[in-house]
Amino acid sequence: MQSFFQTLVSGLSFGAVYSLIALGFSLVYRTMGLVNFAHGAVLMTGAYLASTFYLSARLPFAVAVPAAVLATGVVGLLIERVLRPLESKDVDLMLIGTIGAGTVLEAVAILIWTSSGRGVPSPVRAAPLDVGGVRIPVYNLVVIAVAAVTMVLLTLFLQRTKRGAAMQAVAMDPEAATAVGIHVGRSNAVAFAIGAGLAALAGSLASPMLFVSPTMGDSLGIQGFAAAILGGFGSIPGAIVGGLGIGVIGSFAAQWFQGYSDLVTFVVFTVLVMVRPTGVFGEKTVNRA
Amino acid sequence: MSTLVVENLAVRYGGVSAVRSVSFTVPPGESVGLIGANGAGKTSTLRALMGLVPRAAGTARFGDRDLGKVPARHMVRLGIGYVPEGRHVFAGLPVEKNLLLGAYASKWDSSCRARLSEVYDLFPVLGQMRGRLAGALSGGQQQMLAIGRALMARPVLLLLDEPSMGLSPKLVEVICSALQRLRAEGLSLLLVEQNAMLTFEVTGECLVLENGSVAMTGTSAALRDDPRVRKIYLGL
């Protein structure tokens, strides 16, 4: 029973990271109608920036992570600016452009940080909490809390602010959005930057639990992408539920099937998506005719 | 108050001429209709005015502004509201958010709230549905929402593209009386329609477009009695 809860908590903290990644995917999809295939590479960039600020510049982790989120947001703005001519032609072209942008980011990361990767020590040195015999690493709780606060803030931003409403309007109908005075290009840039910031947050939170390397975005990106689909692509609550779901499934798969954990996780994922193709919170797809 | 002056407007898609040469004027407080069959160039004319498609030739001025130099997103600041063909509401957002987004260019303050209740007064059904997702509304309600959204910016000139499309005769009447009321309040209208009867009721002057050119022009009352118009557009 104890090992069950141990596995569950570990799954939830990885799930919180996947949720953040899925949020970035869903936000960009919801506001731009675009699946951002550079998302994993952006995450890796954020993780490297955070670890550099933390280990080399010796900033406190709580400062290094927000700094990396901001810096990666600027990287997102640059990517959107470079790809914007493609978007005005066809959003599918921009999708291919994001694959290219991801490749470029990985190459740049290898040039700057080499391909060997680095470990990041946990910033929380306190002993694990003992809850009824279940040992919970404090850092895992920090990750879950930070992810939860971020999700609440993002939801408030989309539902309560003018800019958030405008960003959603742009996705639903760019032309009608233009007619009411919304700058579609600027709205997309902001959406892309927020998505990049979310990826950076996920990457830097995950780095003490994993290993920072130029290819870390590939597997994390896939997990987050699966999480977004499982929850219902484009749905904000769906991203959260999907992320936690993939995290918990993956954690139990690792416990019971060791080396086959990814295989088992994605078989379960495939079956779930076959049963419910629209995902848990599946909505009508956003049409950009 | 500003006058809309359109001179020799032309629109081409690739090598195909959608609008060859169209000229007209909408003076302040006046209401002008563009009627014609499918493909006559009505929608292209409106979209070119809004800057949503490029103009191949001609000029459009609104007061002292050359609309050719104004990006589409700034039209609303000049007081030009646009109700697109096929309604184009923000389907995944609630009715009231749709309306508030209509006032995106201004502050969401008390005057915006006042405008909101004016729109609910014009279309009471929108007030009853304010929390509902726009995509869940009927076609007629979406049309009212699209008009209401454009009104939220307090335009002086409203461009409407086929507001009667796909609506039942009863709903066409609702839209018709709303447009008459707006006109009585001093709003200038440029109405593009296939429904000639509706257009004649709402506008003072009309142009009949055929193959991208102006085939006939005159007061709506005169055109309604014109034998050719009666035969082709009214089926009488």
# chains A, B, ... in the order shown; residues from 1 in each chain; ligands from 1
call {"tool": "closest_atom_pairs", "arguments": {"of": "chain A", "to": "chain B", "cutoff": "7 Å", "atoms": "only C-alpha atoms", "output": "Markdown table"}}
result
| residue | atom | partner | partner_atom | distance |
| --- | --- | --- | --- | --- |
| A:Ala166 | CA | B:Leu101 | CA | 6.9 |
| A:Ala169 | CA | B:Phe90 | CA | 5.7 |
| A:Met172 | CA | B:Phe90 | CA | 5.6 |
| A:Asp173 | CA | B:Phe90 | CA | 6.4 |
| A:Ala176 | CA | B:His88 | CA | 6.3 |
| A:Thr178 | CA | B:Arg73 | CA | 4.7 |
| A:Ala179 | CA | B:Arg73 | CA | 5.6 |
| A:Val180 | CA | B:Gly102 | CA | 5.3 |
| A:Gly181 | CA | B:Arg73 | CA | 4.3 |
| A:Ile182 | CA | B:Arg73 | CA | 6.1 |
| A:His183 | CA | B:Arg73 | CA | 6.4 |
call {"tool": "write_last_selection", "arguments": {"atoms": "C-alpha atoms", "output": "CSV table (one decimal), in the first residue's frame"}}
result
chain,number,residue,atom,x,y,z
A,166,ALA,CA,-9.0,38.5,-27.6
A,169,ALA,CA,-11.3,35.2,-30.4
A,172,MET,CA,-12.0,31.2,-33.5
A,173,ASP,CA,-12.2,33.8,-36.2
A,176,ALA,CA,-13.9,38.9,-37.3
A,178,THR,CA,-9.5,41.9,-37.0
A,179,ALA,CA,-12.8,43.7,-37.7
A,180,VAL,CA,-13.3,44.5,-34.0
A,181,GLY,CA,-9.8,45.9,-33.8
A,182,ILE,CA,-7.6,43.1,-32.5
A,183,HIS,CA,-4.1,42.9,-33.8
call {"tool": "residues_around", "arguments": {"residues": "stretch 127-133 of chain B", "least_positions_apart": "2", "cutoff": "6 Å", "atoms": "only C-alpha atoms", "output": "MDAnalysis selection string"}}
result
chainID B and resid 92:96 120 124:125 135:136
call {"tool": "write_last_selection", "arguments": {"atoms": "C-alpha atoms", "output": "PDB file, in the first residue's frame"}}
result
ATOM      1  CA  GLY B  92     -16.475  29.136 -28.239  1.00  0.00           C
ATOM      2  CA  LEU B  93     -17.034  32.285 -26.171  1.00  0.00           C
ATOM      3  CA  PRO B  94     -20.209  33.342 -24.345  1.00  0.00           C
ATOM      4  CA  VAL B  95     -22.594  35.828 -25.947  1.00  0.00           C
ATOM      5  CA  GLU B  96     -21.616  38.650 -23.610  1.00  0.00           C
ATOM      6  CA  TYR B 120     -29.795  43.946 -25.287  1.00  0.00           C
ATOM      7  CA  PRO B 124     -33.701  41.198 -26.097  1.00  0.00           C
ATOM      8  CA  VAL B 125     -33.024  37.544 -26.905  1.00  0.00           C
ATOM      9  CA  GLY B 135     -21.842  28.624 -31.136  1.00  0.00           C
ATOM     10  CA  ALA B 136     -24.944  27.221 -29.429  1.00  0.00           C
TER      11      ALA B 136
END
call {"tool": "select_by_dssp", "arguments": {"residues": "stretch 10-160 of chain A", "states": "strand (DSSP E)", "output": "list in words"}}
result
Leu129, Asp130, Val131, Val134, Arg135 and Ile136 of chain A
call {"tool": "write_last_selection", "arguments": {"atoms": "C-alpha atoms", "output": "short mmCIF file (atom, residue, chain, number, x, y, z; two decimals), in the first residue's frame"}}
result
data_model
loop_
_atom_site.label_atom_id
_atom_site.label_comp_id
_atom_site.auth_asym_id
_atom_site.auth_seq_id
_atom_site.Cartn_x
_atom_site.Cartn_y
_atom_site.Cartn_z
CA LEU A 129 8.13 14.18 4.36
CA ASP A 130 6.86 11.07 6.07
CA VAL A 131 3.09 10.81 5.74
CA VAL A 134 4.84 7.18 2.66
CA ARG A 135 7.99 9.15 1.95
CA ILE A 136 7.30 12.17 -0.21
#
call {"tool": "residues_around", "arguments": {"residues": "A:Gly33", "least_positions_apart": "4", "cutoff": "7 Å", "atoms": "only C-alpha atoms", "output": "PyMOL selection string"}}
result
chain A and resi 28-29+171
call {"tool": "write_last_selection", "arguments": {"atoms": "C-alpha atoms", "output": "mmCIF file, in the first residue's frame"}}
result
data_model
loop_
_atom_site.group_PDB
_atom_site.id
_atom_site.type_symbol
_atom_site.label_atom_id
_atom_site.label_comp_id
_atom_site.auth_asym_id
_atom_site.auth_seq_id
_atom_site.Cartn_x
_atom_site.Cartn_y
_atom_site.Cartn_z
ATOM 1 C CA VAL A 28 -0.954 27.782 -28.751
ATOM 2 C CA TYR A 29 -3.453 25.497 -30.484
ATOM 3 C CA ALA A 171 -8.246 31.476 -32.864
#
call {"tool": "residues_around", "arguments": {"residues": "B:Ser188", "least_positions_apart": "3", "cutoff": "7 Å", "atoms": "only C-alpha atoms", "output": "JSON, numbers by chain"}}
result
{"B": [28, 29, 30, 31, 156, 157, 158, 183]}
call {"tool": "write_last_selection", "arguments": {"atoms": "N, CA and C atoms", "output": "PDB file, in the first residue's frame"}}
result
ATOM      1  N   PRO B  28     -23.396  60.863 -44.567  1.00  0.00           N
ATOM      2  CA  PRO B  28     -23.694  60.599 -43.165  1.00  0.00           C
ATOM      3  C   PRO B  28     -25.186  60.387 -42.940  1.00  0.00           C
ATOM      4  N   GLY B  29     -25.531  59.374 -42.188  1.00  0.00           N
ATOM      5  CA  GLY B  29     -26.925  59.117 -41.858  1.00  0.00           C
ATOM      6  C   GLY B  29     -27.722  58.486 -42.981  1.00  0.00           C
ATOM      7  N   GLU B  30     -27.097  58.273 -44.136  1.00  0.00           N
ATOM      8  CA  GLU B  30     -27.817  57.668 -45.256  1.00  0.00           C
ATOM      9  C   GLU B  30     -27.615  56.152 -45.248  1.00  0.00           C
ATOM     10  N   SER B  31     -28.418  55.496 -46.028  1.00  0.00           N
ATOM     11  CA  SER B  31     -28.377  54.057 -46.072  1.00  0.00           C
ATOM     12  C   SER B  31     -28.383  53.613 -47.528  1.00  0.00           C
ATOM     13  N   VAL B 156     -20.124  54.811 -36.773  1.00  0.00           N
ATOM     14  CA  VAL B 156     -20.967  55.786 -37.474  1.00  0.00           C
ATOM     15  C   VAL B 156     -21.414  55.222 -38.813  1.00  0.00           C
ATOM     16  N   LEU B 157     -20.679  54.221 -39.297  1.00  0.00           N
ATOM     17  CA  LEU B 157     -21.044  53.553 -40.553  1.00  0.00           C
ATOM     18  C   LEU B 157     -20.964  52.052 -40.322  1.00  0.00           C
ATOM     19  N   LEU B 158     -22.040  51.349 -40.681  1.00  0.00           N
ATOM     20  CA  LEU B 158     -22.072  49.909 -40.486  1.00  0.00           C
ATOM     21  C   LEU B 158     -22.110  49.221 -41.845  1.00  0.00           C
ATOM     22  N   ARG B 183     -31.065  52.996 -38.400  1.00  0.00           N
ATOM     23  CA  ARG B 183     -31.022  54.067 -39.387  1.00  0.00           C
ATOM     24  C   ARG B 183     -31.701  55.321 -38.832  1.00  0.00           C
TER      25      ARG B 183
END
call {"tool": "atom_distance", "arguments": {"atom1": "atom CA of B:Gly36", "atom2": "atom CA of B:Gln141"}}
result
25.3 Å
call {"tool": "residues_around", "arguments": {"residues": "stretch 266-277 of chain A", "least_positions_apart": "5", "cutoff": "8 Å", "atoms": "only C-alpha atoms", "output": "MDAnalysis selection string"}}
result
chainID A and resid 226 229:230 246
call {"tool": "write_last_selection", "arguments": {"atoms": "N, CA and C atoms", "output": "short mmCIF file (atom, residue, chain, number, x, y, z; two decimals), in the first residue's frame"}}
result
data_model
loop_
_atom_site.label_atom_id
_atom_site.label_comp_id
_atom_site.auth_asym_id
_atom_site.auth_seq_id
_atom_site.Cartn_x
_atom_site.Cartn_y
_atom_site.Cartn_z
N ALA A 226 0.99 13.81 -25.79
CA ALA A 226 0.02 12.76 -25.48
C ALA A 226 -0.94 13.24 -24.40
N ILE A 229 -3.56 15.50 -25.89
CA ILE A 229 -4.54 14.74 -26.67
C ILE A 229 -5.48 13.98 -25.74
N LEU A 230 -4.89 13.36 -24.70
CA LEU A 230 -5.71 12.59 -23.77
C LEU A 230 -6.77 13.48 -23.11
N ILE A 246 -1.26 10.89 -17.72
CA ILE A 246 -0.07 10.29 -18.33
C ILE A 246 1.01 10.08 -17.28
#
call {"tool": "residues_around", "arguments": {"residues": "stretch 169-180 of chain B", "least_positions_apart": "6", "cutoff": "7 Å", "atoms": "only C-alpha atoms", "output": "list in words"}}
result
Leu122, Gly140, Leu198 and Val202 of chain B
call {"tool": "residues_around", "arguments": {"residues": "stretch 95-110 of chain A", "least_positions_apart": "6", "cutoff": "9 Å", "atoms": "only C-alpha atoms", "output": "PDB file with C-alpha atoms, in the first residue's frame"}}
result
ATOM      1  CA  LEU A  34      -1.284  25.666 -34.531  1.00  0.00           C
ATOM      2  CA  VAL A  35       0.379  22.506 -33.217  1.00  0.00           C
ATOM      3  CA  ASN A  36       3.800  23.725 -32.154  1.00  0.00           C
ATOM      4  CA  PHE A  37       6.324  20.980 -32.887  1.00  0.00           C
ATOM      5  CA  ALA A  38       9.160  23.118 -31.518  1.00  0.00           C
ATOM      6  CA  HIS A  39       7.576  22.880 -28.065  1.00  0.00           C
ATOM      7  CA  GLY A  40       9.897  20.111 -26.817  1.00  0.00           C
ATOM      8  CA  ALA A  41      12.998  21.919 -28.046  1.00  0.00           C
ATOM      9  CA  VAL A  42      11.785  25.158 -26.446  1.00  0.00           C
ATOM     10  CA  MET A  44      14.930  21.943 -23.467  1.00  0.00           C
ATOM     11  CA  THR A  45      16.151  25.515 -24.082  1.00  0.00           C
ATOM     12  CA  TYR A  48      19.345  24.666 -20.060  1.00  0.00           C
ATOM     13  CA  ILE A  79      10.408  32.020 -33.387  1.00  0.00           C
ATOM     14  CA  GLU A  80       6.922  33.452 -33.993  1.00  0.00           C
ATOM     15  CA  LEU A  83       7.652  32.033 -38.851  1.00  0.00           C
ATOM     16  CA  LEU A  86       4.458  31.356 -43.191  1.00  0.00           C
ATOM     17  CA  GLU A  87       1.388  31.773 -41.011  1.00  0.00           C
ATOM     18  CA  SER A 116      26.845  15.543 -23.044  1.00  0.00           C
ATOM     19  CA  SER A 213      20.349  17.187 -22.348  1.00  0.00           C
ATOM     20  CA  PRO A 214      19.786  18.550 -25.870  1.00  0.00           C
ATOM     21  CA  THR A 215      17.345  15.725 -26.604  1.00  0.00           C
ATOM     22  CA  GLY A 217      12.630  17.792 -25.178  1.00  0.00           C
TER      23      GLY A 217
END
call {"tool": "atom_distance", "arguments": {"atom1": "atom CA of A:Gly119", "atom2": "atom CA of A:Pro208"}}
result
7.1 Å
call {"tool": "closest_residue", "arguments": {"among": "B:Ile35, B:Leu159, B:Met144, B:Leu234", "to": "B:Leu4", "atoms": "only C-alpha atoms"}}
result
B:Leu159
call {"tool": "atom_distance", "arguments": {"atom1": "atom CA of B:Met216", "atom2": "atom CA of B:Lys42"}}
result
13.7 Å
call {"tool": "select_by_dssp", "arguments": {"residues": "chain B", "states": "helix (DSSP H, G or I)", "output": "ChimeraX atom specification"}}
result
/B:42-50,67-69,72-78,95-102,110-122,124-128,134-136,139-151,169-184,196-202,220-225,227-233
call {"tool": "decode", "arguments": {"residues": "stretch 162-180 of chain B", "atoms": "N, CA and C atoms", "output": "tab-separated table (two decimals), in the first residue's frame"}}
result
chain	number	residue	atom	x	y	z
B	162	GLU	N	-24.91	40.47	-46.24
B	162	GLU	CA	-25.98	39.48	-46.27
B	162	GLU	C	-26.51	39.09	-44.89
B	163	PRO	N	-27.02	40.07	-44.14
B	163	PRO	CA	-27.54	39.71	-42.82
B	163	PRO	C	-28.76	38.78	-42.87
B	164	SER	N	-29.42	38.68	-44.01
B	164	SER	CA	-30.62	37.84	-44.06
B	164	SER	C	-30.32	36.42	-44.51
B	165	MET	N	-29.04	36.13	-44.81
B	165	MET	CA	-28.72	34.84	-45.41
B	165	MET	C	-29.14	33.68	-44.51
B	166	GLY	N	-29.90	32.76	-45.07
B	166	GLY	CA	-30.27	31.54	-44.36
B	166	GLY	C	-31.26	31.73	-43.23
B	167	LEU	N	-31.91	32.90	-43.16
B	167	LEU	CA	-32.84	33.13	-42.06
B	167	LEU	C	-34.29	32.95	-42.53
B	168	SER	N	-35.16	32.56	-41.58
B	168	SER	CA	-36.58	32.42	-41.90
B	168	SER	C	-37.17	33.81	-42.12
B	169	PRO	N	-38.29	33.90	-42.88
B	169	PRO	CA	-38.90	35.21	-43.14
B	169	PRO	C	-39.18	35.99	-41.87
B	170	LYS	N	-39.56	35.28	-40.81
B	170	LYS	CA	-39.87	35.97	-39.57
B	170	LYS	C	-38.62	36.64	-38.98
B	171	LEU	N	-37.50	35.91	-39.03
B	171	LEU	CA	-36.26	36.48	-38.50
B	171	LEU	C	-35.74	37.60	-39.39
B	172	VAL	N	-35.96	37.46	-40.71
B	172	VAL	CA	-35.56	38.54	-41.62
B	172	VAL	C	-36.29	39.82	-41.20
B	173	GLU	N	-37.55	39.68	-40.79
B	173	GLU	CA	-38.31	40.85	-40.34
B	173	GLU	C	-37.70	41.48	-39.09
B	174	VAL	N	-37.26	40.61	-38.18
B	174	VAL	CA	-36.63	41.13	-36.94
B	174	VAL	C	-35.38	41.93	-37.29
B	175	ILE	N	-34.54	41.36	-38.17
B	175	ILE	CA	-33.31	42.04	-38.59
B	175	ILE	C	-33.67	43.35	-39.30
B	176	CYS	N	-34.68	43.26	-40.17
B	176	CYS	CA	-35.12	44.43	-40.95
B	176	CYS	C	-35.53	45.57	-40.02
B	177	SER	N	-36.34	45.26	-39.01
B	177	SER	CA	-36.80	46.36	-38.16
B	177	SER	C	-35.66	46.89	-37.29
B	178	ALA	N	-34.72	46.00	-36.94
B	178	ALA	CA	-33.56	46.48	-36.18
B	178	ALA	C	-32.74	47.46	-37.02
B	179	LEU	N	-32.56	47.12	-38.31
B	179	LEU	CA	-31.77	48.00	-39.17
B	179	LEU	C	-32.49	49.33	-39.38
B	180	GLN	N	-33.82	49.28	-39.49
B	180	GLN	CA	-34.58	50.53	-39.64
B	180	GLN	C	-34.43	51.41	-38.40
